[in-house]
>>> print(open('entry-v2.txt').read())   # compact mmCIF, N, CA and C atoms
# COMPACT_ATOMS: atom_id res chain seq x y z
N GLN A 989 10.26 -12.93 20.94
CA GLN A 989 9.16 -12.22 21.55
C GLN A 989 8.81 -11.02 20.68
N VAL A 990 7.53 -10.81 20.52
CA VAL A 990 7.06 -9.71 19.68
C VAL A 990 7.16 -8.40 20.46
N GLN A 991 7.70 -7.39 19.78
CA GLN A 991 7.76 -6.06 20.37
C GLN A 991 7.32 -5.03 19.33
N LEU A 992 6.41 -4.17 19.75
CA LEU A 992 5.92 -3.09 18.90
C LEU A 992 6.31 -1.77 19.55
N VAL A 993 6.93 -0.89 18.77
CA VAL A 993 7.39 0.39 19.30
C VAL A 993 6.82 1.51 18.45
N GLU A 994 5.98 2.33 19.10
CA GLU A 994 5.36 3.46 18.40
C GLU A 994 6.18 4.72 18.65
N SER A 995 6.23 5.59 17.66
CA SER A 995 6.94 6.86 17.80
C SER A 995 6.35 7.88 16.84
N GLY A 996 6.76 9.14 17.03
CA GLY A 996 6.37 10.18 16.10
C GLY A 996 5.31 11.14 16.62
N GLY A 997 4.79 10.88 17.79
CA GLY A 997 3.78 11.76 18.34
C GLY A 997 4.36 13.09 18.79
N GLY A 998 3.48 13.97 19.24
CA GLY A 998 3.92 15.27 19.71
C GLY A 998 2.76 16.23 19.84
N LEU A 999 3.12 17.48 20.06
CA LEU A 999 2.14 18.56 20.18
C LEU A 999 2.06 19.28 18.84
N VAL A 1000 0.86 19.44 18.32
CA VAL A 1000 0.69 20.09 17.02
C VAL A 1000 -0.55 20.97 17.09
N GLN A 1001 -0.55 22.04 16.33
CA GLN A 1001 -1.70 22.93 16.28
C GLN A 1001 -2.80 22.33 15.39
N PRO A 1002 -4.03 22.72 15.63
CA PRO A 1002 -5.11 22.26 14.74
C PRO A 1002 -4.78 22.58 13.28
N GLY A 1003 -5.04 21.61 12.43
CA GLY A 1003 -4.71 21.74 11.02
C GLY A 1003 -3.33 21.21 10.66
N GLY A 1004 -2.55 20.89 11.67
CA GLY A 1004 -1.20 20.40 11.43
C GLY A 1004 -1.15 18.93 11.06
N SER A 1005 0.08 18.44 10.91
CA SER A 1005 0.30 17.06 10.48
C SER A 1005 1.34 16.39 11.36
N LEU A 1006 1.22 15.08 11.44
CA LEU A 1006 2.21 14.24 12.11
C LEU A 1006 2.28 12.91 11.37
N ARG A 1007 3.43 12.27 11.48
CA ARG A 1007 3.60 10.93 10.92
C ARG A 1007 4.05 9.99 12.02
N LEU A 1008 3.22 9.03 12.32
CA LEU A 1008 3.54 8.05 13.35
C LEU A 1008 4.18 6.82 12.71
N SER A 1009 5.08 6.19 13.49
CA SER A 1009 5.74 4.97 13.04
C SER A 1009 5.51 3.85 14.04
N CYS A 1010 5.39 2.66 13.51
CA CYS A 1010 5.26 1.45 14.33
C CYS A 1010 6.32 0.48 13.85
N ALA A 1011 7.37 0.34 14.64
CA ALA A 1011 8.45 -0.58 14.29
C ALA A 1011 8.25 -1.88 15.06
N ALA A 1012 8.46 -2.99 14.36
CA ALA A 1012 8.21 -4.29 14.97
C ALA A 1012 9.44 -5.17 14.97
N SER A 1013 9.55 -5.99 15.99
CA SER A 1013 10.55 -7.04 16.04
C SER A 1013 9.86 -8.31 16.49
N GLY A 1014 10.35 -9.43 16.00
CA GLY A 1014 9.75 -10.71 16.36
C GLY A 1014 8.60 -11.14 15.47
N ILE A 1015 8.17 -10.28 14.59
CA ILE A 1015 7.11 -10.62 13.63
C ILE A 1015 7.37 -9.89 12.33
N GLN A 1016 6.75 -10.37 11.27
CA GLN A 1016 6.76 -9.64 10.01
C GLN A 1016 5.40 -8.98 9.86
N LEU A 1017 5.39 -7.67 9.91
CA LEU A 1017 4.13 -6.96 9.86
C LEU A 1017 3.35 -7.27 8.58
N ARG A 1018 4.05 -7.50 7.48
CA ARG A 1018 3.39 -7.71 6.20
C ARG A 1018 2.53 -8.99 6.20
N LEU A 1019 2.77 -9.87 7.17
CA LEU A 1019 2.02 -11.13 7.26
C LEU A 1019 0.82 -11.02 8.18
N ASN A 1020 0.56 -9.82 8.67
CA ASN A 1020 -0.54 -9.61 9.60
C ASN A 1020 -1.38 -8.41 9.17
N GLN A 1021 -2.63 -8.42 9.59
CA GLN A 1021 -3.47 -7.23 9.42
C GLN A 1021 -3.19 -6.34 10.62
N ILE A 1022 -2.58 -5.19 10.35
CA ILE A 1022 -2.10 -4.31 11.40
C ILE A 1022 -2.96 -3.05 11.47
N GLY A 1023 -3.25 -2.66 12.70
CA GLY A 1023 -4.07 -1.48 12.90
C GLY A 1023 -3.40 -0.42 13.75
N TRP A 1024 -3.84 0.80 13.56
CA TRP A 1024 -3.52 1.89 14.48
C TRP A 1024 -4.76 2.13 15.34
N PHE A 1025 -4.54 2.19 16.63
CA PHE A 1025 -5.59 2.42 17.61
C PHE A 1025 -5.30 3.72 18.33
N ARG A 1026 -6.31 4.27 18.96
CA ARG A 1026 -6.08 5.42 19.82
C ARG A 1026 -6.97 5.35 21.05
N GLN A 1027 -6.45 5.96 22.11
CA GLN A 1027 -7.20 6.00 23.36
C GLN A 1027 -7.12 7.40 23.92
N ALA A 1028 -8.25 8.06 23.95
CA ALA A 1028 -8.34 9.40 24.52
C ALA A 1028 -8.58 9.28 26.03
N PRO A 1029 -8.25 10.33 26.78
CA PRO A 1029 -8.45 10.28 28.24
C PRO A 1029 -9.89 9.92 28.59
N GLY A 1030 -10.04 8.92 29.47
CA GLY A 1030 -11.37 8.53 29.92
C GLY A 1030 -12.17 7.71 28.94
N LYS A 1031 -11.56 7.33 27.83
CA LYS A 1031 -12.28 6.57 26.81
C LYS A 1031 -11.58 5.26 26.52
N GLN A 1032 -12.31 4.35 25.89
CA GLN A 1032 -11.71 3.08 25.53
C GLN A 1032 -10.85 3.22 24.28
N ARG A 1033 -9.88 2.33 24.18
CA ARG A 1033 -9.05 2.28 22.99
C ARG A 1033 -9.86 1.72 21.83
N HIS A 1034 -9.70 2.30 20.65
CA HIS A 1034 -10.42 1.77 19.50
C HIS A 1034 -9.58 1.90 18.23
N LEU A 1035 -9.94 1.07 17.29
CA LEU A 1035 -9.24 1.01 16.02
C LEU A 1035 -9.62 2.20 15.15
N VAL A 1036 -8.61 2.83 14.53
CA VAL A 1036 -8.92 3.96 13.64
C VAL A 1036 -8.56 3.67 12.19
N ALA A 1037 -7.59 2.79 11.97
CA ALA A 1037 -7.19 2.46 10.60
C ALA A 1037 -6.48 1.12 10.62
N ASP A 1038 -6.59 0.37 9.54
CA ASP A 1038 -5.83 -0.87 9.45
C ASP A 1038 -5.41 -1.13 8.02
N ILE A 1039 -4.39 -1.97 7.90
CA ILE A 1039 -3.87 -2.35 6.59
C ILE A 1039 -3.77 -3.86 6.54
N GLN A 1040 -4.37 -4.44 5.53
CA GLN A 1040 -4.37 -5.89 5.38
C GLN A 1040 -3.07 -6.36 4.74
N ARG A 1041 -2.88 -7.65 4.75
CA ARG A 1041 -1.68 -8.24 4.13
C ARG A 1041 -1.58 -7.82 2.67
N SER A 1042 -2.73 -7.68 2.02
CA SER A 1042 -2.76 -7.30 0.61
C SER A 1042 -2.40 -5.84 0.38
N GLY A 1043 -2.44 -5.05 1.44
CA GLY A 1043 -2.22 -3.61 1.32
C GLY A 1043 -3.52 -2.82 1.33
N THR A 1044 -4.64 -3.52 1.32
CA THR A 1044 -5.93 -2.85 1.41
C THR A 1044 -6.07 -2.15 2.76
N THR A 1045 -6.55 -0.92 2.72
CA THR A 1045 -6.65 -0.12 3.94
C THR A 1045 -8.11 0.20 4.27
N THR A 1046 -8.37 0.40 5.56
CA THR A 1046 -9.70 0.75 6.06
C THR A 1046 -9.56 1.81 7.13
N TYR A 1047 -10.53 2.73 7.16
CA TYR A 1047 -10.49 3.84 8.13
C TYR A 1047 -11.86 4.03 8.76
N ILE A 1048 -11.85 4.54 9.98
CA ILE A 1048 -13.12 4.94 10.55
C ILE A 1048 -13.52 6.28 9.91
N GLY A 1049 -14.80 6.58 9.97
CA GLY A 1049 -15.31 7.74 9.25
C GLY A 1049 -14.66 9.06 9.62
N SER A 1050 -14.37 9.24 10.90
CA SER A 1050 -13.88 10.54 11.36
C SER A 1050 -12.47 10.85 10.89
N VAL A 1051 -11.72 9.85 10.42
CA VAL A 1051 -10.35 10.10 9.97
C VAL A 1051 -10.20 9.88 8.46
N LYS A 1052 -11.21 9.37 7.83
CA LYS A 1052 -11.14 9.09 6.40
C LYS A 1052 -10.88 10.38 5.64
N GLY A 1053 -9.91 10.32 4.75
CA GLY A 1053 -9.53 11.51 3.99
C GLY A 1053 -8.47 12.36 4.66
N ARG A 1054 -8.22 12.12 5.94
CA ARG A 1054 -7.20 12.88 6.68
C ARG A 1054 -6.02 12.01 7.08
N PHE A 1055 -6.26 10.75 7.38
CA PHE A 1055 -5.20 9.84 7.81
C PHE A 1055 -4.91 8.83 6.70
N THR A 1056 -3.66 8.44 6.61
CA THR A 1056 -3.25 7.42 5.66
C THR A 1056 -2.35 6.41 6.34
N ILE A 1057 -2.75 5.15 6.31
CA ILE A 1057 -1.92 4.08 6.86
C ILE A 1057 -1.14 3.45 5.72
N SER A 1058 0.13 3.15 5.99
CA SER A 1058 0.97 2.54 4.97
C SER A 1058 1.98 1.63 5.63
N ARG A 1059 2.70 0.89 4.80
CA ARG A 1059 3.63 -0.11 5.33
C ARG A 1059 4.88 -0.12 4.49
N ASP A 1060 6.03 -0.22 5.15
CA ASP A 1060 7.31 -0.38 4.49
C ASP A 1060 7.82 -1.77 4.87
N ASP A 1061 7.69 -2.72 3.96
CA ASP A 1061 8.06 -4.10 4.28
C ASP A 1061 9.56 -4.26 4.52
N ALA A 1062 10.36 -3.50 3.82
CA ALA A 1062 11.81 -3.60 3.99
C ALA A 1062 12.23 -3.17 5.40
N LYS A 1063 11.50 -2.19 5.94
CA LYS A 1063 11.82 -1.68 7.28
C LYS A 1063 10.96 -2.33 8.35
N ASN A 1064 10.03 -3.20 7.92
CA ASN A 1064 9.12 -3.85 8.87
C ASN A 1064 8.45 -2.81 9.77
N THR A 1065 7.92 -1.78 9.14
CA THR A 1065 7.33 -0.65 9.85
C THR A 1065 6.01 -0.27 9.20
N VAL A 1066 5.06 0.09 10.04
CA VAL A 1066 3.78 0.62 9.57
C VAL A 1066 3.69 2.08 10.00
N PHE A 1067 3.17 2.92 9.11
CA PHE A 1067 3.09 4.34 9.37
C PHE A 1067 1.62 4.80 9.43
N LEU A 1068 1.43 5.93 10.09
CA LEU A 1068 0.13 6.60 10.04
C LEU A 1068 0.41 8.07 9.78
N GLN A 1069 0.14 8.50 8.57
CA GLN A 1069 0.27 9.91 8.22
C GLN A 1069 -1.03 10.59 8.59
N MET A 1070 -0.95 11.60 9.42
CA MET A 1070 -2.14 12.31 9.90
C MET A 1070 -2.05 13.76 9.46
N THR A 1071 -3.07 14.22 8.78
CA THR A 1071 -3.14 15.59 8.33
C THR A 1071 -4.44 16.23 8.82
N SER A 1072 -4.51 17.54 8.68
CA SER A 1072 -5.70 18.28 9.11
C SER A 1072 -6.14 17.86 10.50
N LEU A 1073 -5.19 17.80 11.40
CA LEU A 1073 -5.47 17.31 12.75
C LEU A 1073 -6.43 18.23 13.49
N ARG A 1074 -7.24 17.59 14.32
CA ARG A 1074 -8.26 18.30 15.10
C ARG A 1074 -8.04 18.03 16.59
N PRO A 1075 -8.53 18.89 17.45
CA PRO A 1075 -8.38 18.63 18.88
C PRO A 1075 -8.93 17.26 19.30
N GLU A 1076 -9.97 16.80 18.65
CA GLU A 1076 -10.55 15.50 19.02
C GLU A 1076 -9.68 14.32 18.60
N ASP A 1077 -8.60 14.58 17.86
CA ASP A 1077 -7.65 13.52 17.54
C ASP A 1077 -6.65 13.30 18.68
N THR A 1078 -6.69 14.15 19.67
CA THR A 1078 -5.80 14.01 20.81
C THR A 1078 -6.01 12.67 21.51
N ALA A 1079 -4.94 11.90 21.65
CA ALA A 1079 -5.02 10.56 22.23
C ALA A 1079 -3.62 9.95 22.26
N VAL A 1080 -3.51 8.83 22.94
CA VAL A 1080 -2.33 8.00 22.81
C VAL A 1080 -2.60 7.02 21.68
N TYR A 1081 -1.67 6.93 20.76
CA TYR A 1081 -1.83 6.08 19.58
C TYR A 1081 -0.96 4.82 19.72
N TYR A 1082 -1.57 3.70 19.38
CA TYR A 1082 -0.91 2.41 19.47
C TYR A 1082 -1.05 1.65 18.14
N CYS A 1083 -0.13 0.73 17.91
CA CYS A 1083 -0.29 -0.19 16.79
C CYS A 1083 -0.36 -1.61 17.35
N ASN A 1084 -1.02 -2.48 16.61
CA ASN A 1084 -1.15 -3.88 17.01
C ASN A 1084 -1.86 -4.60 15.88
N LYS A 1085 -2.01 -5.90 16.01
CA LYS A 1085 -2.87 -6.62 15.08
C LYS A 1085 -4.26 -6.00 15.17
N ALA A 1086 -4.92 -5.93 14.03
CA ALA A 1086 -6.21 -5.24 14.01
C ALA A 1086 -7.27 -5.98 14.83
N TYR A 1087 -7.14 -7.29 14.91
CA TYR A 1087 -8.15 -8.07 15.61
C TYR A 1087 -7.49 -9.13 16.48
N ASP A 1088 -8.26 -9.65 17.45
CA ASP A 1088 -7.76 -10.67 18.36
C ASP A 1088 -7.35 -11.93 17.60
N PRO A 1089 -6.38 -12.69 18.10
CA PRO A 1089 -5.60 -12.39 19.30
C PRO A 1089 -4.49 -11.38 19.00
N GLN A 1090 -4.32 -10.43 19.89
CA GLN A 1090 -3.35 -9.37 19.65
C GLN A 1090 -2.07 -9.61 20.46
N PHE A 1091 -1.05 -8.91 20.04
CA PHE A 1091 0.23 -8.96 20.75
C PHE A 1091 0.14 -8.08 22.00
N ASP A 1092 1.14 -8.19 22.85
CA ASP A 1092 1.23 -7.27 23.98
C ASP A 1092 1.30 -5.84 23.45
N TRP A 1093 0.61 -4.94 24.13
CA TRP A 1093 0.59 -3.56 23.68
C TRP A 1093 1.90 -2.84 24.01
N GLY A 1094 2.31 -1.97 23.10
CA GLY A 1094 3.47 -1.13 23.38
C GLY A 1094 3.06 0.05 24.26
N GLN A 1095 3.97 0.99 24.40
CA GLN A 1095 3.71 2.15 25.26
C GLN A 1095 2.87 3.21 24.55
N GLY A 1096 2.82 3.13 23.24
CA GLY A 1096 2.07 4.12 22.50
C GLY A 1096 2.84 5.42 22.34
N THR A 1097 2.26 6.31 21.57
CA THR A 1097 2.86 7.63 21.37
C THR A 1097 1.76 8.68 21.50
N GLN A 1098 2.03 9.71 22.29
CA GLN A 1098 1.03 10.73 22.60
C GLN A 1098 0.93 11.73 21.46
N VAL A 1099 -0.29 11.97 21.03
CA VAL A 1099 -0.59 13.02 20.06
C VAL A 1099 -1.50 14.02 20.74
N THR A 1100 -1.07 15.26 20.76
CA THR A 1100 -1.87 16.33 21.36
C THR A 1100 -2.08 17.41 20.31
N VAL A 1101 -3.33 17.71 20.04
CA VAL A 1101 -3.68 18.74 19.06
C VAL A 1101 -4.30 19.90 19.82
N SER A 1102 -3.58 20.98 19.87
CA SER A 1102 -4.02 22.13 20.66
C SER A 1102 -3.34 23.39 20.16
N SER A 1103 -4.07 24.50 20.29
CA SER A 1103 -3.48 25.79 19.94
C SER A 1103 -2.90 26.45 21.19
>>> encode(input="entry-v2.txt", output="structure tokens")
Amino acid sequence: QVQLVESGGGLVQPGGSLRLSCAASGIQLRLNQIGWFRQAPGKQRHLVADIQRSGTTTYIGSVKGRFTISRDDAKNTVFLQMTSLRPEDTAVYYCNKAYDPQFDWGQGTQVTVSS
């Protein structure tokens, strides 16, 4: 059974940084196009960054230049390095396949950007 476990969130001041991790069991992340999603209160979950099997990465405009998605194949883990964080980045962050059909969602990790 596939299990995705997100971690690394927390409370950070504007301008700060966090590194999120997505550890997987039951699948090899390197064989899938994996994305980081976020869901802010009252809003739908949406994709913010993804990494293809080739290692090619894609970002939405609002995080481009601030977030970096990467993958450690030996650890079967995908990371999201977030810098220059803004209050509007506050959300629960999830990882999953970038596109349908997706795996069951994990619990996510809360990121709160506030002074």
>>> atom_distance(input="entry-v2.txt", atom1="CA of Arg1007 (chain A)", atom2="CA of Ser1042 (chain A)")
21.9 Å
>>> residues_near_point(input="entry-v2.txt", point="(3.6, 17.1, 12.1)", cutoff="8 Å", atoms="only N, CA and C atoms", output="JSON, numbers by chain")
{"A": [996, 997, 998, 999, 1000, 1001, 1004, 1005, 1006, 1007, 1070, 1071]}
>>> atom_distance(input="entry-v2.txt", atom1="CA of Ala1062 (chain A)", atom2="atom N of Arg1041 (chain A)")
15.3 Å
>>> closest_residue(input="entry-v2.txt", among="A:Gln1095, A:Ser1058, A:Thr1078, A:Ser995", to="Ile1022 (chain A)", atoms="only C-alpha atoms")
A:Ser1058
>>> closest_residue(input="entry-v2.txt", among="A:Gly1043, A:Gly1053, A:Gly1003, A:Gly1014", to="Phe1091 (chain A)", atoms="only C-alpha atoms")
A:Gly1014
>>> select_by_dssp(input="entry-v2.txt", residues="region 991-1097 of chain A", states="helix (DSSP H, G or I)", output="ChimeraX atom specification")
/A:1017-1019,1075-1077
>>> closest_residue(input="entry-v2.txt", among="A:Phe1055, A:Tyr1047, A:Trp1024, A:Phe1067", to="Gly1094 (chain A)", atoms="only C-alpha atoms")
A:Trp1024
>>> residues_around(input="entry-v2.txt", residues="Lys1085 (chain A)", least_positions_apart="3", cutoff="6.5 Å", atoms="all atoms listed in the file", output="PyMOL selection string")
chain A and resi 1020-1023+1088-1091
>>> closest_atom_pairs(input="entry-v2.txt", of="region 1064-1095 of chain A", to="region 1028-1035 of chain A", cutoff="8 Å", atoms="all atoms listed in the file", output="JSON lines")
{"residue": "A:Glu1076", "atom": "C", "partner": "A:Ala1028", "partner_atom": "CA", "distance": 7.8}
{"residue": "A:Asp1077", "atom": "C", "partner": "A:Ala1028", "partner_atom": "CA", "distance": 7.2}
{"residue": "A:Thr1078", "atom": "C", "partner": "A:Ala1028", "partner_atom": "CA", "distance": 5.0}
{"residue": "A:Ala1079", "atom": "CA", "partner": "A:Ala1028", "partner_atom": "CA", "distance": 4.2}
{"residue": "A:Val1080", "atom": "N", "partner": "A:Ala1028", "partner_atom": "N", "distance": 4.9}
{"residue": "A:Tyr1081", "atom": "N", "partner": "A:Ala1028", "partner_atom": "N", "distance": 7.4}
{"residue": "A:Ala1086", "atom": "CA", "partner": "A:Leu1035", "partner_atom": "CA", "distance": 7.2}
>>> write_last_selection(input="entry-v2.txt", atoms="N, CA and C atoms", output="PDB file, keeping the file's coordinate frame")
ATOM      1  N   GLU A1076      -9.970  16.800  18.650  1.00  0.00           N
ATOM      2  CA  GLU A1076     -10.550  15.500  19.020  1.00  0.00           C
ATOM      3  C   GLU A1076      -9.680  14.320  18.600  1.00  0.00           C
ATOM      4  N   ASP A1077      -8.600  14.580  17.860  1.00  0.00           N
ATOM      5  CA  ASP A1077      -7.650  13.520  17.540  1.00  0.00           C
ATOM      6  C   ASP A1077      -6.650  13.300  18.680  1.00  0.00           C
ATOM      7  N   THR A1078      -6.690  14.150  19.670  1.00  0.00           N
ATOM      8  CA  THR A1078      -5.800  14.010  20.810  1.00  0.00           C
ATOM      9  C   THR A1078      -6.010  12.670  21.510  1.00  0.00           C
ATOM     10  N   ALA A1079      -4.940  11.900  21.650  1.00  0.00           N
ATOM     11  CA  ALA A1079      -5.020  10.560  22.230  1.00  0.00           C
ATOM     12  C   ALA A1079      -3.620   9.950  22.260  1.00  0.00           C
ATOM     13  N   VAL A1080      -3.510   8.830  22.940  1.00  0.00           N
ATOM     14  CA  VAL A1080      -2.330   8.000  22.810  1.00  0.00           C
ATOM     15  C   VAL A1080      -2.600   7.020  21.680  1.00  0.00           C
ATOM     16  N   TYR A1081      -1.670   6.930  20.760  1.00  0.00           N
ATOM     17  CA  TYR A1081      -1.830   6.080  19.580  1.00  0.00           C
ATOM     18  C   TYR A1081      -0.960   4.820  19.720  1.00  0.00           C
ATOM     19  N   ALA A1086      -4.920  -5.930  14.030  1.00  0.00           N
ATOM     20  CA  ALA A1086      -6.210  -5.240  14.010  1.00  0.00           C
ATOM     21  C   ALA A1086      -7.270  -5.980  14.830  1.00  0.00           C
TER      22      ALA A1086
END
>>> residues_around(input="entry-v2.txt", residues="Asp1092 (chain A)", least_positions_apart="5", cutoff="8 Å", atoms="only N, CA and C atoms", output="list in words")
Val990, Gln991, Leu992, Cys1083, Asn1084 and Lys1085 of chain A
>>> atom_distance(input="entry-v2.txt", atom1="CA of Val1036 (chain A)", atom2="CA of Leu1019 (chain A)")
19.7 Å
>>> closest_residue(input="entry-v2.txt", among="A:Gln1069, A:Gln989, A:Asn1064, A:Thr1100", to="Leu1008 (chain A)", atoms="only N, CA and C atoms")
A:Gln1069
>>> select_by_dssp(input="entry-v2.txt", residues="chain A", states="strand (DSSP E)", output="count of residues only")
55
>>> closest_residue(input="entry-v2.txt", among="A:Val1051, A:Tyr1082, A:Gly1096, A:Ser1102", to="Phe1025 (chain A)", atoms="only N, CA and C atoms")
A:Tyr1082
>>> axis_aligned_box(input="entry-v2.txt", around="region 1062-1069 of chain A", padding_each_side="5 Å", output="lines of an AutoDock Vina configuration file")
center_x = 5.6
center_y = 3.4
center_z = 7.0
size_x = 23.3
size_y = 24.4
size_z = 16.3
